[in-house]
>>> print(open('target.txt').read())   # compact mmCIF, N, CA and C atoms
# COMPACT_ATOMS: atom_id res chain seq x y z
N MET A 24 0.84 -1.17 0.00
CA MET A 24 0.00 0.00 0.00
C MET A 24 0.89 1.23 0.00
N PRO A 25 0.61 2.22 -0.86
CA PRO A 25 1.43 3.42 -0.89
C PRO A 25 1.27 4.22 0.40
N GLU A 26 2.35 4.85 0.80
CA GLU A 26 2.32 5.70 2.00
C GLU A 26 1.58 6.99 1.67
N THR A 27 0.56 7.28 2.44
CA THR A 27 -0.23 8.48 2.18
C THR A 27 0.03 9.58 3.19
N GLY A 28 0.68 9.25 4.32
CA GLY A 28 0.92 10.24 5.34
C GLY A 28 -0.33 10.56 6.15
N ARG A 29 -1.38 9.81 5.95
CA ARG A 29 -2.64 10.05 6.66
C ARG A 29 -2.83 8.97 7.72
N THR A 30 -3.66 9.28 8.68
CA THR A 30 -4.00 8.30 9.70
C THR A 30 -5.50 8.09 9.70
N ARG A 31 -5.95 7.10 10.44
CA ARG A 31 -7.38 6.81 10.54
C ARG A 31 -8.15 7.96 11.17
N ASP A 32 -7.46 8.88 11.85
CA ASP A 32 -8.13 9.98 12.53
C ASP A 32 -8.34 11.21 11.64
N ASP A 33 -7.74 11.24 10.47
CA ASP A 33 -7.91 12.38 9.57
C ASP A 33 -9.34 12.45 9.04
N ALA A 34 -9.84 13.66 8.86
CA ALA A 34 -11.17 13.84 8.27
C ALA A 34 -11.03 14.02 6.76
N TRP A 35 -11.93 13.41 6.01
CA TRP A 35 -11.93 13.55 4.55
C TRP A 35 -13.32 13.30 4.01
N GLU A 36 -13.52 13.70 2.75
CA GLU A 36 -14.80 13.47 2.08
C GLU A 36 -14.57 13.34 0.57
N TYR A 37 -15.26 12.38 -0.03
CA TYR A 37 -15.23 12.17 -1.48
C TYR A 37 -16.66 12.10 -2.00
N SER A 38 -16.88 12.61 -3.20
CA SER A 38 -18.17 12.48 -3.88
C SER A 38 -17.92 11.97 -5.29
N LEU A 39 -18.72 10.98 -5.70
CA LEU A 39 -18.61 10.41 -7.04
C LEU A 39 -19.98 10.49 -7.70
N TYR A 40 -20.13 11.37 -8.68
CA TYR A 40 -21.39 11.51 -9.41
C TYR A 40 -21.44 10.46 -10.50
N ILE A 41 -22.60 9.80 -10.60
CA ILE A 41 -22.72 8.69 -11.54
C ILE A 41 -23.96 8.86 -12.41
N PRO A 42 -23.95 8.24 -13.59
CA PRO A 42 -25.14 8.25 -14.44
C PRO A 42 -26.15 7.21 -13.96
N THR A 43 -27.35 7.29 -14.48
CA THR A 43 -28.37 6.28 -14.20
C THR A 43 -28.03 5.06 -15.05
N ASP A 44 -27.21 4.19 -14.49
CA ASP A 44 -26.70 3.02 -15.20
C ASP A 44 -26.34 1.98 -14.15
N PRO A 45 -26.92 0.79 -14.21
CA PRO A 45 -26.61 -0.24 -13.20
C PRO A 45 -25.11 -0.55 -13.08
N ARG A 46 -24.34 -0.35 -14.15
CA ARG A 46 -22.89 -0.60 -14.07
C ARG A 46 -22.20 0.38 -13.13
N ALA A 47 -22.83 1.53 -12.90
CA ALA A 47 -22.24 2.54 -12.03
C ALA A 47 -22.13 2.06 -10.58
N VAL A 48 -22.97 1.12 -10.18
CA VAL A 48 -22.90 0.59 -8.82
C VAL A 48 -21.56 -0.13 -8.62
N THR A 49 -21.11 -0.87 -9.62
CA THR A 49 -19.81 -1.54 -9.55
C THR A 49 -18.69 -0.51 -9.48
N VAL A 50 -18.79 0.55 -10.24
CA VAL A 50 -17.79 1.63 -10.20
C VAL A 50 -17.74 2.22 -8.79
N CYS A 51 -18.89 2.43 -8.18
CA CYS A 51 -18.94 2.96 -6.81
C CYS A 51 -18.26 2.01 -5.82
N ARG A 52 -18.57 0.73 -5.93
CA ARG A 52 -18.00 -0.27 -5.02
C ARG A 52 -16.48 -0.30 -5.13
N ARG A 53 -15.99 -0.32 -6.34
CA ARG A 53 -14.54 -0.41 -6.54
C ARG A 53 -13.84 0.88 -6.11
N THR A 54 -14.48 2.01 -6.33
CA THR A 54 -13.93 3.29 -5.89
C THR A 54 -13.87 3.34 -4.37
N LEU A 55 -14.94 2.90 -3.71
CA LEU A 55 -14.98 2.86 -2.26
C LEU A 55 -13.85 1.99 -1.72
N ARG A 56 -13.66 0.81 -2.30
CA ARG A 56 -12.60 -0.11 -1.86
C ARG A 56 -11.24 0.58 -1.95
N LEU A 57 -10.97 1.27 -3.03
CA LEU A 57 -9.69 1.95 -3.21
C LEU A 57 -9.52 3.06 -2.16
N ILE A 58 -10.54 3.86 -1.96
CA ILE A 58 -10.46 4.95 -1.00
C ILE A 58 -10.20 4.42 0.41
N LEU A 59 -10.94 3.42 0.82
CA LEU A 59 -10.76 2.88 2.17
C LEU A 59 -9.39 2.22 2.33
N THR A 60 -8.91 1.56 1.30
CA THR A 60 -7.57 0.96 1.34
C THR A 60 -6.52 2.04 1.53
N LEU A 61 -6.59 3.10 0.74
CA LEU A 61 -5.59 4.16 0.82
C LEU A 61 -5.63 4.92 2.14
N HIS A 62 -6.78 4.93 2.79
CA HIS A 62 -6.90 5.61 4.08
C HIS A 62 -6.71 4.66 5.27
N GLY A 63 -6.31 3.41 4.99
CA GLY A 63 -6.02 2.47 6.06
C GLY A 63 -7.24 1.96 6.80
N LEU A 64 -8.38 1.93 6.13
CA LEU A 64 -9.63 1.46 6.75
C LEU A 64 -10.07 0.14 6.15
N THR A 65 -9.12 -0.76 5.94
CA THR A 65 -9.42 -2.02 5.26
C THR A 65 -10.38 -2.90 6.05
N ASP A 66 -10.43 -2.74 7.37
CA ASP A 66 -11.34 -3.57 8.17
C ASP A 66 -12.80 -3.21 7.94
N LEU A 67 -13.08 -2.06 7.31
CA LEU A 67 -14.45 -1.65 7.01
C LEU A 67 -14.91 -2.00 5.60
N ILE A 68 -13.99 -2.45 4.77
CA ILE A 68 -14.27 -2.58 3.33
C ILE A 68 -15.47 -3.48 3.04
N ASP A 69 -15.50 -4.68 3.56
CA ASP A 69 -16.57 -5.62 3.18
C ASP A 69 -17.96 -5.08 3.54
N THR A 70 -18.11 -4.60 4.76
CA THR A 70 -19.41 -4.07 5.17
C THR A 70 -19.74 -2.79 4.41
N ALA A 71 -18.74 -1.93 4.24
CA ALA A 71 -18.97 -0.68 3.51
C ALA A 71 -19.37 -0.94 2.06
N GLU A 72 -18.75 -1.93 1.43
CA GLU A 72 -19.13 -2.27 0.05
C GLU A 72 -20.58 -2.74 -0.02
N LEU A 73 -20.99 -3.58 0.90
CA LEU A 73 -22.37 -4.06 0.94
C LEU A 73 -23.33 -2.88 1.09
N LEU A 74 -23.04 -2.00 2.05
CA LEU A 74 -23.92 -0.86 2.30
C LEU A 74 -23.97 0.08 1.11
N ALA A 75 -22.82 0.40 0.55
CA ALA A 75 -22.79 1.30 -0.61
C ALA A 75 -23.53 0.69 -1.79
N SER A 76 -23.36 -0.62 -1.99
CA SER A 76 -24.06 -1.30 -3.10
C SER A 76 -25.56 -1.20 -2.93
N GLU A 77 -26.05 -1.42 -1.73
CA GLU A 77 -27.50 -1.35 -1.49
C GLU A 77 -28.01 0.07 -1.70
N LEU A 78 -27.32 1.05 -1.13
CA LEU A 78 -27.77 2.44 -1.26
C LEU A 78 -27.72 2.91 -2.71
N MET A 79 -26.62 2.61 -3.40
CA MET A 79 -26.49 3.08 -4.79
C MET A 79 -27.40 2.31 -5.73
N SER A 80 -27.63 1.02 -5.46
CA SER A 80 -28.58 0.26 -6.29
C SER A 80 -29.96 0.88 -6.21
N ASN A 81 -30.38 1.25 -5.00
CA ASN A 81 -31.68 1.92 -4.85
C ASN A 81 -31.70 3.22 -5.63
N ALA A 82 -30.64 3.99 -5.55
CA ALA A 82 -30.58 5.28 -6.24
C ALA A 82 -30.67 5.11 -7.76
N VAL A 83 -30.00 4.09 -8.28
CA VAL A 83 -29.96 3.88 -9.73
C VAL A 83 -31.22 3.19 -10.24
N LEU A 84 -31.70 2.18 -9.52
CA LEU A 84 -32.82 1.38 -10.01
C LEU A 84 -34.19 1.99 -9.77
N HIS A 85 -34.33 2.78 -8.72
CA HIS A 85 -35.65 3.26 -8.34
C HIS A 85 -35.87 4.75 -8.57
N THR A 86 -34.91 5.44 -9.15
CA THR A 86 -35.08 6.87 -9.42
C THR A 86 -34.60 7.18 -10.82
N LYS A 87 -34.99 8.35 -11.30
CA LYS A 87 -34.52 8.82 -12.61
C LYS A 87 -33.63 10.02 -12.39
N GLY A 88 -32.62 10.14 -13.20
CA GLY A 88 -31.73 11.27 -13.08
C GLY A 88 -30.40 10.88 -12.47
N PRO A 89 -29.58 11.88 -12.18
CA PRO A 89 -28.23 11.61 -11.68
C PRO A 89 -28.27 11.08 -10.25
N ALA A 90 -27.13 10.54 -9.83
CA ALA A 90 -26.97 10.04 -8.47
C ALA A 90 -25.53 10.32 -8.05
N CYS A 91 -25.27 10.19 -6.75
CA CYS A 91 -23.94 10.48 -6.23
C CYS A 91 -23.66 9.61 -5.01
N LEU A 92 -22.47 9.03 -4.99
CA LEU A 92 -21.98 8.34 -3.80
C LEU A 92 -21.15 9.34 -3.01
N ARG A 93 -21.45 9.47 -1.73
CA ARG A 93 -20.66 10.36 -0.87
C ARG A 93 -20.07 9.54 0.26
N LEU A 94 -18.76 9.64 0.44
CA LEU A 94 -18.05 9.00 1.53
C LEU A 94 -17.44 10.09 2.38
N ARG A 95 -17.69 10.00 3.67
CA ARG A 95 -17.13 11.01 4.58
C ARG A 95 -16.62 10.30 5.82
N PHE A 96 -15.41 10.65 6.24
CA PHE A 96 -14.82 10.09 7.45
C PHE A 96 -14.46 11.22 8.38
N ARG A 97 -14.96 11.11 9.62
CA ARG A 97 -14.67 12.14 10.62
C ARG A 97 -14.88 11.54 12.00
N ASP A 98 -13.98 11.85 12.90
CA ASP A 98 -14.09 11.40 14.29
C ASP A 98 -14.27 9.89 14.42
N GLY A 99 -13.59 9.13 13.58
CA GLY A 99 -13.64 7.67 13.67
C GLY A 99 -14.90 7.04 13.10
N VAL A 100 -15.69 7.82 12.35
CA VAL A 100 -16.94 7.31 11.78
C VAL A 100 -16.92 7.49 10.26
N LEU A 101 -17.22 6.40 9.55
CA LEU A 101 -17.37 6.46 8.10
C LEU A 101 -18.84 6.63 7.79
N GLN A 102 -19.17 7.67 7.05
CA GLN A 102 -20.55 7.88 6.59
C GLN A 102 -20.59 7.59 5.10
N ILE A 103 -21.51 6.72 4.70
CA ILE A 103 -21.71 6.36 3.30
C ILE A 103 -23.07 6.90 2.92
N GLY A 104 -23.11 7.75 1.89
CA GLY A 104 -24.37 8.34 1.48
C GLY A 104 -24.63 8.15 0.00
N ALA A 105 -25.90 8.02 -0.34
CA ALA A 105 -26.32 7.94 -1.73
C ALA A 105 -27.33 9.05 -1.97
N TRP A 106 -26.97 9.98 -2.84
CA TRP A 106 -27.89 11.05 -3.22
C TRP A 106 -28.54 10.67 -4.53
N ASP A 107 -29.85 10.94 -4.65
CA ASP A 107 -30.53 10.77 -5.94
C ASP A 107 -31.52 11.91 -6.13
N ALA A 108 -32.03 12.03 -7.33
CA ALA A 108 -32.87 13.16 -7.71
C ALA A 108 -34.35 12.94 -7.41
N ASP A 109 -34.68 11.97 -6.60
CA ASP A 109 -36.07 11.73 -6.20
C ASP A 109 -36.24 12.23 -4.77
N PRO A 110 -37.09 13.23 -4.55
CA PRO A 110 -37.23 13.78 -3.19
C PRO A 110 -38.04 12.90 -2.24
N GLU A 111 -38.67 11.84 -2.74
CA GLU A 111 -39.48 10.98 -1.88
C GLU A 111 -38.60 10.18 -0.93
N PRO A 112 -39.03 10.02 0.33
CA PRO A 112 -38.22 9.24 1.28
C PRO A 112 -38.14 7.78 0.88
N PRO A 113 -37.08 7.10 1.33
CA PRO A 113 -36.99 5.66 1.04
C PRO A 113 -38.05 4.90 1.82
N ARG A 114 -38.42 3.74 1.31
CA ARG A 114 -39.36 2.89 2.07
C ARG A 114 -38.67 2.47 3.35
N PRO A 115 -39.40 2.50 4.45
CA PRO A 115 -38.77 2.09 5.71
C PRO A 115 -38.36 0.63 5.65
N PRO A 116 -37.24 0.30 6.29
CA PRO A 116 -36.81 -1.10 6.27
C PRO A 116 -37.72 -1.96 7.12
N GLY A 117 -37.83 -3.21 6.71
CA GLY A 117 -38.56 -4.18 7.53
C GLY A 117 -37.71 -4.61 8.70
N ARG A 118 -38.30 -5.38 9.55
CA ARG A 118 -37.52 -5.91 10.67
C ARG A 118 -36.57 -6.97 10.14
N PRO A 119 -35.31 -6.98 10.63
CA PRO A 119 -34.32 -7.93 10.12
C PRO A 119 -34.73 -9.38 10.26
N HIS A 120 -35.56 -9.74 11.23
CA HIS A 120 -35.91 -11.15 11.42
C HIS A 120 -37.16 -11.54 10.63
N ASP A 121 -37.76 -10.61 9.91
CA ASP A 121 -38.93 -10.96 9.10
C ASP A 121 -38.51 -11.86 7.94
N PRO A 122 -39.09 -13.03 7.83
CA PRO A 122 -38.77 -13.86 6.67
C PRO A 122 -39.41 -13.23 5.44
N GLY A 123 -38.71 -13.28 4.35
CA GLY A 123 -39.26 -12.71 3.13
C GLY A 123 -39.00 -13.59 1.94
N GLU A 124 -39.98 -13.67 1.10
CA GLU A 124 -39.81 -14.44 -0.12
C GLU A 124 -39.57 -13.54 -1.31
N ALA A 125 -39.68 -12.23 -1.10
CA ALA A 125 -39.48 -11.29 -2.20
C ALA A 125 -38.03 -11.30 -2.64
N GLU A 126 -37.83 -11.15 -3.94
CA GLU A 126 -36.48 -11.11 -4.47
C GLU A 126 -35.88 -9.73 -4.39
N SER A 127 -36.67 -8.74 -4.02
CA SER A 127 -36.16 -7.38 -3.87
C SER A 127 -36.83 -6.75 -2.65
N GLY A 128 -36.41 -5.55 -2.32
CA GLY A 128 -37.02 -4.84 -1.22
C GLY A 128 -36.37 -5.06 0.13
N ARG A 129 -35.25 -5.78 0.14
CA ARG A 129 -34.57 -6.04 1.41
C ARG A 129 -33.36 -5.15 1.62
N GLY A 130 -33.08 -4.26 0.68
CA GLY A 130 -31.87 -3.43 0.75
C GLY A 130 -31.78 -2.57 1.99
N MET A 131 -32.85 -1.84 2.32
CA MET A 131 -32.81 -0.98 3.49
C MET A 131 -32.82 -1.80 4.79
N THR A 132 -33.37 -3.01 4.74
CA THR A 132 -33.30 -3.88 5.91
C THR A 132 -31.85 -4.27 6.16
N LEU A 133 -31.09 -4.57 5.10
CA LEU A 133 -29.66 -4.86 5.23
C LEU A 133 -28.91 -3.65 5.75
N VAL A 134 -29.24 -2.47 5.22
CA VAL A 134 -28.58 -1.25 5.67
C VAL A 134 -28.81 -1.05 7.17
N ARG A 135 -30.03 -1.22 7.61
CA ARG A 135 -30.33 -1.06 9.03
C ARG A 135 -29.59 -2.10 9.87
N ALA A 136 -29.54 -3.34 9.40
CA ALA A 136 -28.92 -4.41 10.17
C ALA A 136 -27.40 -4.31 10.22
N CYS A 137 -26.77 -3.80 9.17
CA CYS A 137 -25.31 -3.82 9.07
C CYS A 137 -24.64 -2.51 9.44
N SER A 138 -25.39 -1.45 9.58
CA SER A 138 -24.78 -0.15 9.91
C SER A 138 -25.05 0.19 11.37
N ASP A 139 -24.28 1.13 11.87
CA ASP A 139 -24.47 1.59 13.25
C ASP A 139 -25.61 2.60 13.35
N LEU A 140 -25.90 3.29 12.25
CA LEU A 140 -26.94 4.31 12.20
C LEU A 140 -27.27 4.55 10.74
N TRP A 141 -28.54 4.84 10.44
CA TRP A 141 -28.91 5.22 9.08
C TRP A 141 -30.03 6.24 9.17
N HIS A 142 -30.15 7.03 8.12
CA HIS A 142 -31.22 8.03 8.06
C HIS A 142 -31.27 8.56 6.63
N TRP A 143 -32.17 9.51 6.40
CA TRP A 143 -32.25 10.18 5.11
C TRP A 143 -32.62 11.63 5.37
N GLN A 144 -32.34 12.48 4.39
CA GLN A 144 -32.69 13.89 4.50
C GLN A 144 -32.91 14.45 3.10
N PRO A 145 -33.81 15.43 2.96
CA PRO A 145 -33.97 16.10 1.67
C PRO A 145 -32.68 16.85 1.35
N LEU A 146 -32.27 16.81 0.10
CA LEU A 146 -31.04 17.51 -0.31
C LEU A 146 -31.09 17.78 -1.80
N SER A 147 -30.94 19.03 -2.18
CA SER A 147 -30.90 19.40 -3.60
C SER A 147 -29.45 19.49 -4.07
N ARG A 148 -29.22 19.00 -5.27
CA ARG A 148 -27.90 19.06 -5.90
C ARG A 148 -28.08 19.24 -7.39
N MET A 149 -27.14 19.91 -8.00
CA MET A 149 -27.09 20.05 -9.46
C MET A 149 -28.44 20.51 -10.03
N GLY A 150 -29.15 21.36 -9.31
CA GLY A 150 -30.43 21.86 -9.79
C GLY A 150 -31.58 20.89 -9.67
N HIS A 151 -31.39 19.76 -9.01
CA HIS A 151 -32.43 18.75 -8.83
C HIS A 151 -32.81 18.66 -7.36
N ARG A 152 -34.11 18.65 -7.09
CA ARG A 152 -34.55 18.29 -5.74
C ARG A 152 -34.26 16.81 -5.56
N GLY A 153 -33.92 16.43 -4.38
CA GLY A 153 -33.61 15.02 -4.17
C GLY A 153 -33.48 14.72 -2.69
N LYS A 154 -32.78 13.61 -2.42
CA LYS A 154 -32.57 13.18 -1.04
C LYS A 154 -31.20 12.52 -0.91
N LEU A 155 -30.73 12.50 0.31
CA LEU A 155 -29.52 11.78 0.66
C LEU A 155 -29.91 10.71 1.67
N VAL A 156 -29.65 9.45 1.33
CA VAL A 156 -29.84 8.34 2.25
C VAL A 156 -28.44 7.93 2.70
N TRP A 157 -28.23 7.90 4.01
CA TRP A 157 -26.88 7.65 4.50
C TRP A 157 -26.89 6.68 5.67
N CYS A 158 -25.72 6.10 5.88
CA CYS A 158 -25.51 5.22 7.03
C CYS A 158 -24.10 5.43 7.55
N GLU A 159 -23.87 4.95 8.75
CA GLU A 159 -22.57 5.13 9.39
C GLU A 159 -22.01 3.82 9.90
N LEU A 160 -20.67 3.75 9.83
CA LEU A 160 -19.92 2.63 10.41
C LEU A 160 -18.83 3.20 11.32
N ASN A 161 -18.77 2.72 12.54
CA ASN A 161 -17.69 3.15 13.44
C ASN A 161 -16.43 2.40 13.10
N ALA A 162 -15.32 3.12 13.00
CA ALA A 162 -14.04 2.50 12.66
C ALA A 162 -13.33 1.98 13.89
N ALA A 163 -13.79 2.33 15.06
CA ALA A 163 -13.09 1.93 16.29
C ALA A 163 -13.26 0.47 16.58
>>> encode(input="target.txt", output="structure tokens")
Amino acid sequence: MPETGRTRDDAWEYSLYIPTDPRAVTVCRRTLRLILTLHGLTDLIDTAELLASELMSNAVLHTKGPACLRLRFRDGVLQIGAWDADPEPPRPPGRPHDPGEAESGRGMTLVRACSDLWHWQPLSRMGHRGKLVWCELNAA
């Protein structure tokens, strides 16, 4: 791993704007993996990839218009956010122990189960009304 001169305690933020294209979710996942590796947060990669994939898949598959992956690290907490151009709130997650036969609709349940905290907020970007759905992982 290249020496970056940074520590796990440094604050940083990255945003990756993506087109409405299912392939963009893979680009987000791989970008996240690289960023976390370079910042020495490799122990968060697997869970962070799962969470980012779920959030970005929802943004790409269920909305029209641009989307953005936002990664922010501050005070030992990684925040993963997915912005999309749909101002409607996400469907609330089901309970993690609910058995389901549906092939879709479990993404936010995974986000709730695998993250330390999740929420959403209205947020306009690039001239579009929209929302940011985010979750947090503690690095400690």
>>> select_by_dssp(input="target.txt", residues="region 59-150 of chain A", states="alpha helix (DSSP H)", output="mmCIF file with N, CA and C atoms, in the frame of the given file")
data_model
loop_
_atom_site.group_PDB
_atom_site.id
_atom_site.type_symbol
_atom_site.label_atom_id
_atom_site.label_comp_id
_atom_site.auth_asym_id
_atom_site.auth_seq_id
_atom_site.Cartn_x
_atom_site.Cartn_y
_atom_site.Cartn_z
ATOM 1 N N LEU A 59 -10.940 3.420 0.820
ATOM 2 C CA LEU A 59 -10.760 2.880 2.170
ATOM 3 C C LEU A 59 -9.390 2.220 2.330
ATOM 4 N N THR A 60 -8.910 1.560 1.300
ATOM 5 C CA THR A 60 -7.570 0.960 1.340
ATOM 6 C C THR A 60 -6.520 2.040 1.530
ATOM 7 N N LEU A 61 -6.590 3.100 0.740
ATOM 8 C CA LEU A 61 -5.590 4.160 0.820
ATOM 9 C C LEU A 61 -5.630 4.920 2.140
ATOM 10 N N ILE A 68 -13.990 -2.450 4.770
ATOM 11 C CA ILE A 68 -14.270 -2.580 3.330
ATOM 12 C C ILE A 68 -15.470 -3.480 3.040
ATOM 13 N N ASP A 69 -15.500 -4.680 3.560
ATOM 14 C CA ASP A 69 -16.570 -5.620 3.180
ATOM 15 C C ASP A 69 -17.960 -5.080 3.540
ATOM 16 N N THR A 70 -18.110 -4.600 4.760
ATOM 17 C CA THR A 70 -19.410 -4.070 5.170
ATOM 18 C C THR A 70 -19.740 -2.790 4.410
ATOM 19 N N ALA A 71 -18.740 -1.930 4.240
ATOM 20 C CA ALA A 71 -18.970 -0.680 3.510
ATOM 21 C C ALA A 71 -19.370 -0.940 2.060
ATOM 22 N N GLU A 72 -18.750 -1.930 1.430
ATOM 23 C CA GLU A 72 -19.130 -2.270 0.050
ATOM 24 C C GLU A 72 -20.580 -2.740 -0.020
ATOM 25 N N LEU A 73 -20.990 -3.580 0.900
ATOM 26 C CA LEU A 73 -22.370 -4.060 0.940
ATOM 27 C C LEU A 73 -23.330 -2.880 1.090
ATOM 28 N N LEU A 74 -23.040 -2.000 2.050
ATOM 29 C CA LEU A 74 -23.920 -0.860 2.300
ATOM 30 C C LEU A 74 -23.970 0.080 1.110
ATOM 31 N N ALA A 75 -22.820 0.400 0.550
ATOM 32 C CA ALA A 75 -22.790 1.300 -0.610
ATOM 33 C C ALA A 75 -23.530 0.690 -1.790
ATOM 34 N N SER A 76 -23.360 -0.620 -1.990
ATOM 35 C CA SER A 76 -24.060 -1.300 -3.100
ATOM 36 C C SER A 76 -25.560 -1.200 -2.930
ATOM 37 N N GLU A 77 -26.050 -1.420 -1.730
ATOM 38 C CA GLU A 77 -27.500 -1.350 -1.490
ATOM 39 C C GLU A 77 -28.010 0.070 -1.700
ATOM 40 N N LEU A 78 -27.320 1.050 -1.130
ATOM 41 C CA LEU A 78 -27.770 2.440 -1.260
ATOM 42 C C LEU A 78 -27.720 2.910 -2.710
ATOM 43 N N MET A 79 -26.620 2.610 -3.400
ATOM 44 C CA MET A 79 -26.490 3.080 -4.790
ATOM 45 C C MET A 79 -27.400 2.310 -5.730
ATOM 46 N N SER A 80 -27.630 1.020 -5.460
ATOM 47 C CA SER A 80 -28.580 0.260 -6.290
ATOM 48 C C SER A 80 -29.960 0.880 -6.210
ATOM 49 N N ASN A 81 -30.380 1.250 -5.000
ATOM 50 C CA ASN A 81 -31.680 1.920 -4.850
ATOM 51 C C ASN A 81 -31.700 3.220 -5.630
ATOM 52 N N ALA A 82 -30.640 3.990 -5.550
ATOM 53 C CA ALA A 82 -30.580 5.280 -6.240
ATOM 54 C C ALA A 82 -30.670 5.110 -7.760
ATOM 55 N N VAL A 83 -30.000 4.090 -8.280
ATOM 56 C CA VAL A 83 -29.960 3.880 -9.730
ATOM 57 C C VAL A 83 -31.220 3.190 -10.240
ATOM 58 N N LEU A 84 -31.700 2.180 -9.520
ATOM 59 C CA LEU A 84 -32.820 1.380 -10.010
ATOM 60 C C LEU A 84 -34.190 1.990 -9.770
ATOM 61 N N GLY A 130 -33.080 -4.260 0.680
ATOM 62 C CA GLY A 130 -31.870 -3.430 0.750
ATOM 63 C C GLY A 130 -31.780 -2.570 1.990
ATOM 64 N N MET A 131 -32.850 -1.840 2.320
ATOM 65 C CA MET A 131 -32.810 -0.980 3.490
ATOM 66 C C MET A 131 -32.820 -1.800 4.790
ATOM 67 N N THR A 132 -33.370 -3.010 4.740
ATOM 68 C CA THR A 132 -33.300 -3.880 5.910
ATOM 69 C C THR A 132 -31.850 -4.270 6.160
ATOM 70 N N LEU A 133 -31.090 -4.570 5.100
ATOM 71 C CA LEU A 133 -29.660 -4.860 5.230
ATOM 72 C C LEU A 133 -28.910 -3.650 5.750
ATOM 73 N N VAL A 134 -29.240 -2.470 5.220
ATOM 74 C CA VAL A 134 -28.580 -1.250 5.670
ATOM 75 C C VAL A 134 -28.810 -1.050 7.170
ATOM 76 N N ARG A 135 -30.030 -1.220 7.610
ATOM 77 C CA ARG A 135 -30.330 -1.060 9.030
ATOM 78 C C ARG A 135 -29.590 -2.100 9.870
ATOM 79 N N ALA A 136 -29.540 -3.340 9.400
ATOM 80 C CA ALA A 136 -28.920 -4.410 10.170
ATOM 81 C C ALA A 136 -27.400 -4.310 10.220
ATOM 82 N N CYS A 137 -26.770 -3.800 9.170
ATOM 83 C CA CYS A 137 -25.310 -3.820 9.070
ATOM 84 C C CYS A 137 -24.640 -2.510 9.440
#
>>> residues_around(input="target.txt", residues="region 72-88 of chain A", least_positions_apart="6", cutoff="6 Å", atoms="only C-alpha atoms", output="number ranges by chain")
A: 43, 48, 52, 105, 107-109, 130, 134
>>> select_by_dssp(input="target.txt", residues="chain A", states="strand (DSSP E)", output="ChimeraX atom specification")
/A:35-41,90-97,100-107,140-145,154-161
>>> atom_distance(input="target.txt", atom1="CA of Ser38 (chain A)", atom2="CA of Cys91 (chain A)")
6.5 Å
>>> atom_distance(input="target.txt", atom1="CA of Thr65 (chain A)", atom2="CA of Leu94 (chain A)")
14.5 Å
>>> atom_distance(input="target.txt", atom1="CA of Glu159 (chain A)", atom2="CA of Pro89 (chain A)")
22.8 Å
>>> residues_around(input="target.txt", residues="Phe96 (chain A)", least_positions_apart="6", cutoff="6 Å", atoms="all atoms listed in the file", output="PyMOL selection string")
chain A and resi 33-36+102
